[in-house]
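For reference, the structure discussed in these notes is given below.
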Amino acid sequence: MEKTRDALSWQEKREERFKRWLSPDVKFKTPQAEKLYKERLTRFIKAIKLEEPDRVPVQIPGGSFPAHYSGTTLRTLMYDYGALKKAWLKFVYDFDMDLYDSAGLIFSGRVYELLDYKLYQWPGHGLPSDVSMHQFVEDEYMKADEYDAFIKDPFYFSLRYFTPRTWGTLAPFSNLAPFTYPLGLPFQLLSLCTNPDLQPVFQAMREASQELAKWQAVVGECDQIAKEAGCPSAAGGIALAPFDTFADMFRGTRGIAMDMYRQPEKLLEALEIVTPQSVESAVAEADFTQCPMVFMPLHKGADNFMSSQQYEKFYWPTFRKLLMGIISEGCVPIMVADGSYNDRLEIIKDLPRASVVWIFEQTDMAKAKKVLGGTACIGGNVTAAQLYTNTPQAIKKYCRWLIEVCGEGGGYLLTLGSSVDRCNPENLQAVIEAAKEYGVYN
Amino acid sequence: MPKDFINLLADLKEDEVIKLTKQRLEAGDEALAILEDSRKAMEVVGDRFAGGQYFIPELVYSGDLLKQITELVKPHLVQSGETKHLGKVVIGTVAGDIHDIGLNIVDFMLDVNGFKVVNLGVDVPVEKFVEKMKETSAPVLGLSGFLTLAFDAMKDTVEALAAAGIRDKMKIMIGGGQMDNEVMKYAKADAYGKDAMEAVSLAKKWIGGS
């Protein structure tokens, strides 16, 4: 008798997801494309499971590099979806790797404008038109005395405080009356909407969502075309470590530092509340995209941000719960740890064997292999600085060293420590060549 | 009492050190003496940061405590003319990059270590760096950047200083996010510092001071 879904182990759930990922709902262009798709993905799945594939899988994160590579600007791609498609597919076709990002990494500048979005500045909007990346604007979008509001009702907090501060068009929501209508009468809830200040909000939401749909259609088309050509997409869900949700998004560096000293208990309570919500949203995205990978950029848990004691108190407990929640649904968290994680390795190895992927930026890879090697798939560490300043020969040599140090026994993915906005394209080709030349398992 | 004060501040005991500041002012302690003790406490904070006991949260928190103390002491300060400083350091985040967290921490640590800091802020155009270096004749320039796009902006800035004929009049240090020694060489700067205390050490090495 078949087991119900709840009775499945996380490995069994994951196998189901892997199977779906391996047989996407597309019509492959050629039998060769289908074969390529399966070969590439199998290589990566084996690495996740700490098995030896035929060779080390290789991936180049897209970032905004496709703009540079196709001789245009990021701004153009953010505003001209036709140009986005052209540049993205050129990047996909020209780089023969095992996993591909989604074109959705380059977001619509038009949608940002329609929302009067304040969390980012982008080329031509707060930044010179020709810059190659958008940038996060850190601020205290949640005030020090608003933890109670968050803890009481995170949804109401988001609607009433966080979103109105980060989307200019939603500012009138900061005066929103409570959302409950205990008498069940439609007038109660609907009377919120008759507020004249809210009418332009509805109009803006309508325009922004229509624009978003246009952008989504192009991104979806890019992903579809790539898959049909045999390029598996690594774009599943996305999540932030609970501490980073507060440290990056809500409170900022200064705010979070003060909270760690002035109101640690409130901070810890709020981290617990956001954790299951992050699991739910990440898994829902993985369901939707039919890709089990949950991408997690890690920021303020790096070695030089906080002490190991602070990491174990503030960062790791809820981060681990989040990971376990995602793993138990059969998804695979793939972390990109900015900065160095040398002092964290002993802490983060406390996870089920072969359940996650760690991509490191500046971490000592020999140490990472030694500590995590039997536990988790690792990768990363070709830095943007190297790609920017070195020759293809030097990059290839470095990748060979990485493969020799980290590749043994499997469980290794050759990739960059971060995305790169521009560099000599030959340097990225050198990374791919290194995997093919030096990464073959016997 | 000063020793207690220094310890309390260096140990980040907010309530106690604020209370003691008020007591010292009431007891008629000189405002300058309190500020001098605060500076000594910040040296301890800096040493602990360099020694791996303190991290970013402690630098931020100590900065806030220092600000509170300074606010309390300010009304009691008798104008005493220009304070002596070790030397001038111009800092700024290079063109195209708007990150300022690291920049402001470096500003703070240089300041509490006795340097006169000219902070040009973020997204600083190349010409602005050239103009300020000419105007201030500062012996040290600190270029901050978080992103890869800062690599070229740093290089451009150093080249512009060379073209203006003033490159050899200064030492240039770089730091932030994805910077490292390779970027330092690429940008033809003089040194890379991995954190705010390395910026202080470099400035001390180049300008002098204990």
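By convention in this document, the chains of the structure tokens carry letters A, B, ... by their order, each chain's residues are numbered from 1, and ligands are numbered from 1 in the order they are shown.
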Where does chain B meet chain A within 7 Å, residue by residue, with the nearest atom pair and distance in Å to one decimal for each, counting only C-alpha atoms, listed by chain and rising number, as JSON lines?
{"residue": "B:Phe55", "atom": "CA", "partner": "A:Met306", "partner_atom": "CA", "distance": 5.1}
{"residue": "B:Ile56", "atom": "CA", "partner": "A:Phe305", "partner_atom": "CA", "distance": 5.2}
{"residue": "B:Pro57", "atom": "CA", "partner": "A:Ala257", "partner_atom": "CA", "distance": 4.3}
{"residue": "B:Val60", "atom": "CA", "partner": "A:Arg254", "partner_atom": "CA", "distance": 6.2}
{"residue": "B:Tyr61", "atom": "CA", "partner": "A:Met258", "partner_atom": "CA", "distance": 5.9}
{"residue": "B:Gly96", "atom": "CA", "partner": "A:Leu127", "partner_atom": "CA", "distance": 6.2}
{"residue": "B:Thr148", "atom": "CA", "partner": "A:Ala384", "partner_atom": "CA", "distance": 6.6}
{"residue": "B:Leu149", "atom": "CA", "partner": "A:Ser132", "partner_atom": "CA", "distance": 6.8}
{"residue": "B:Gln178", "atom": "CA", "partner": "A:Ala385", "partner_atom": "CA", "distance": 6.8}
{"residue": "B:Met179", "atom": "CA", "partner": "A:Ala385", "partner_atom": "CA", "distance": 6.9}
{"residue": "B:Glu182", "atom": "CA", "partner": "A:Ala385", "partner_atom": "CA", "distance": 6.6}
{"residue": "B:Val183", "atom": "CA", "partner": "A:Ala385", "partner_atom": "CA", "distance": 6.1}
{"residue": "B:Tyr186", "atom": "CA", "partner": "A:Thr389", "partner_atom": "CA", "distance": 6.4}
Item checked: 8 Å contact set for Pro425 of chain A, only C-alpha atoms, chain neighbours under 3 positions out, as a ChimeraX atom specification -> /A:69,428-429
With C-alpha atoms kept, could you save the residues just selected as a short mmCIF file (atom, residue, chain, number, x, y, z; two decimals), in the first residue's frame?
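Below is the file that was written, result_5.cif:
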data_model
loop_
_atom_site.label_atom_id
_atom_site.label_comp_id
_atom_site.auth_asym_id
_atom_site.auth_seq_id
_atom_site.Cartn_x
_atom_site.Cartn_y
_atom_site.Cartn_z
CA TYR A 69 28.02 40.08 -21.48
CA LEU A 428 33.87 32.21 -16.32
CA GLN A 429 34.55 29.81 -19.18
#
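Taking only C-alpha atoms into account, Phe314 of chain A lies nearest to A:Phe243 out of the set A:Phe295, A:Phe243, A:Phe250, A:Tyr141.
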Give me, as CSV, each residue of segment 85-201 of chain A that comes within 9 Å of segment 59-62 of chain A, together with its shortest interatomic pair and the distance in Å at one decimal, counting only C-alpha atoms, with rows ordered by chain and rising residue number.
residue,atom,partner,partner_atom,distance
A:Trp88,CA,A:Gly62,CA,8.6
A:Phe91,CA,A:Gly62,CA,8.1
A:Val92,CA,A:Gly62,CA,8.9
A:Phe95,CA,A:Ile60,CA,8.3
A:Asp96,CA,A:Gln59,CA,8.8
A:Met97,CA,A:Gln59,CA,5.4
A:Asp98,CA,A:Gln59,CA,5.9
A:Leu99,CA,A:Gln59,CA,5.5
A:Tyr100,CA,A:Gln59,CA,7.0
A:Asp101,CA,A:Gly62,CA,6.0
A:Ser102,CA,A:Gly62,CA,8.0
A:Ala103,CA,A:Gly62,CA,8.1
A:Leu105,CA,A:Gly62,CA,7.8
Practice task
Just list the residues in segment 31-204 of chain B DSSP gives alpha helix (DSSP H) on the backbone, as a ChimeraX atom specification.
Solution key: /B:31-50,56-73,101-112,126-136,149-163,181-187,196-204
### Between atom CA of Leu372 of chain A and atom CA of Phe18 of chain A, distance in Å (one decimal)
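Spanning atom CA of Leu372 of chain A to atom CA of Phe18 of chain A is a straight-line distance of 23.0 Å.
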TODO: Give me the residues within 6 Å of Ile172 of chain B as a PyMOL selection string, counting only C-alpha atoms and dropping any in the same chain fewer than 3 places off.
DONE: chain B and resi 140-142+189-190
Practice task
Based on DSSP run over this structure's backbone, return all residues of segment 92-192 of chain B in strand (DSSP E or B), as a list in words.
Solution key: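 Strand (DSSP E or B) assignments inside segment 92-192 of chain B correspond to Gly92, Thr93, Val94, Lys116, Val117, Val118, Asn119, Val124, Val140, Leu141, Gly142, Leu143, Ser144, Lys171, Ile172, Met173, Ile174, Gly175, Ala191 and Tyr192 of chain B.
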Go ahead and save the picked residues with N, CA and C atoms, as a JSON list (two decimals), in the first residue's frame.
[["chain", "number", "residue", "atom", "x", "y", "z"],
["B", 92, "GLY", "N", 35.65, 57.79, 2.12],
["B", 92, "GLY", "CA", 34.41, 57.86, 1.37],
["B", 92, "GLY", "C", 34.17, 56.55, 0.63],
["B", 93, "THR", "N", 32.89, 56.29, 0.32],
["B", 93, "THR", "CA", 32.53, 55.13, -0.51],
["B", 93, "THR", "C", 32.58, 55.57, -1.97],
["B", 94, "VAL", "N", 33.24, 54.77, -2.79],
["B", 94, "VAL", "CA", 33.52, 55.18, -4.17],
["B", 94, "VAL", "C", 32.27, 55.26, -5.04],
["B", 116, "LYS", "N", 41.48, 63.19, 12.75],
["B", 116, "LYS", "CA", 40.46, 64.12, 12.24],
["B", 116, "LYS", "C", 39.94, 63.48, 10.94],
["B", 117, "VAL", "N", 38.66, 63.10, 10.95],
["B", 117, "VAL", "CA", 38.13, 62.37, 9.81],
["B", 117, "VAL", "C", 37.27, 63.29, 8.93],
["B", 118, "VAL", "N", 37.57, 63.29, 7.65],
["B", 118, "VAL", "CA", 36.72, 64.00, 6.69],
["B", 118, "VAL", "C", 35.96, 62.92, 5.92],
["B", 119, "ASN", "N", 34.68, 62.76, 6.25],
["B", 119, "ASN", "CA", 33.88, 61.68, 5.66],
["B", 119, "ASN", "C", 33.05, 62.24, 4.50],
["B", 124, "VAL", "N", 30.80, 58.69, -4.00],
["B", 124, "VAL", "CA", 31.61, 59.89, -4.15],
["B", 124, "VAL", "C", 32.29, 59.89, -5.53],
["B", 140, "VAL", "N", 46.37, 60.59, 4.34],
["B", 140, "VAL", "CA", 45.77, 59.25, 4.17],
["B", 140, "VAL", "C", 44.37, 59.37, 3.57],
["B", 141, "LEU", "N", 44.11, 58.49, 2.61],
["B", 141, "LEU", "CA", 42.79, 58.41, 1.99],
["B", 141, "LEU", "C", 42.27, 56.98, 2.16],
["B", 142, "GLY", "N", 41.05, 56.86, 2.63],
["B", 142, "GLY", "CA", 40.42, 55.53, 2.77],
["B", 142, "GLY", "C", 39.27, 55.39, 1.80],
["B", 143, "LEU", "N", 39.37, 54.39, 0.91],
["B", 143, "LEU", "CA", 38.30, 54.16, -0.06],
["B", 143, "LEU", "C", 37.49, 52.95, 0.38],
["B", 144, "SER", "N", 36.19, 53.16, 0.49],
["B", 144, "SER", "CA", 35.31, 52.08, 0.91],
["B", 144, "SER", "C", 34.45, 51.61, -0.26],
["B", 171, "LYS", "N", 48.88, 58.14, 1.25],
["B", 171, "LYS", "CA", 48.76, 56.69, 1.26],
["B", 171, "LYS", "C", 47.27, 56.38, 1.10],
["B", 172, "ILE", "N", 46.98, 55.34, 0.34],
["B", 172, "ILE", "CA", 45.58, 55.00, 0.10],
["B", 172, "ILE", "C", 45.28, 53.60, 0.61],
["B", 173, "MET", "N", 44.27, 53.51, 1.48],
["B", 173, "MET", "CA", 43.84, 52.19, 1.95],
["B", 173, "MET", "C", 42.43, 51.92, 1.44],
["B", 174, "ILE", "N", 42.15, 50.63, 1.19],
["B", 174, "ILE", "CA", 40.81, 50.26, 0.75],
["B", 174, "ILE", "C", 40.24, 49.22, 1.71],
["B", 175, "GLY", "N", 38.90, 49.14, 1.73],
["B", 175, "GLY", "CA", 38.27, 48.12, 2.57],
["B", 175, "GLY", "C", 36.80, 47.98, 2.25],
["B", 191, "ALA", "N", 47.26, 49.73, 0.55],
["B", 191, "ALA", "CA", 46.99, 48.66, 1.50],
["B", 191, "ALA", "C", 45.51, 48.33, 1.52],
["B", 192, "TYR", "N", 45.24, 47.08, 1.94],
["B", 192, "TYR", "CA", 43.85, 46.66, 2.17],
["B", 192, "TYR", "C", 43.71, 46.38, 3.66]]
*12 Å contact set for Lys128 of chain B, only C-alpha atoms, chain neighbours under 3 positions out, as a ChimeraX atom specification*: /B:90-95,119-125,131-136,157,160-161
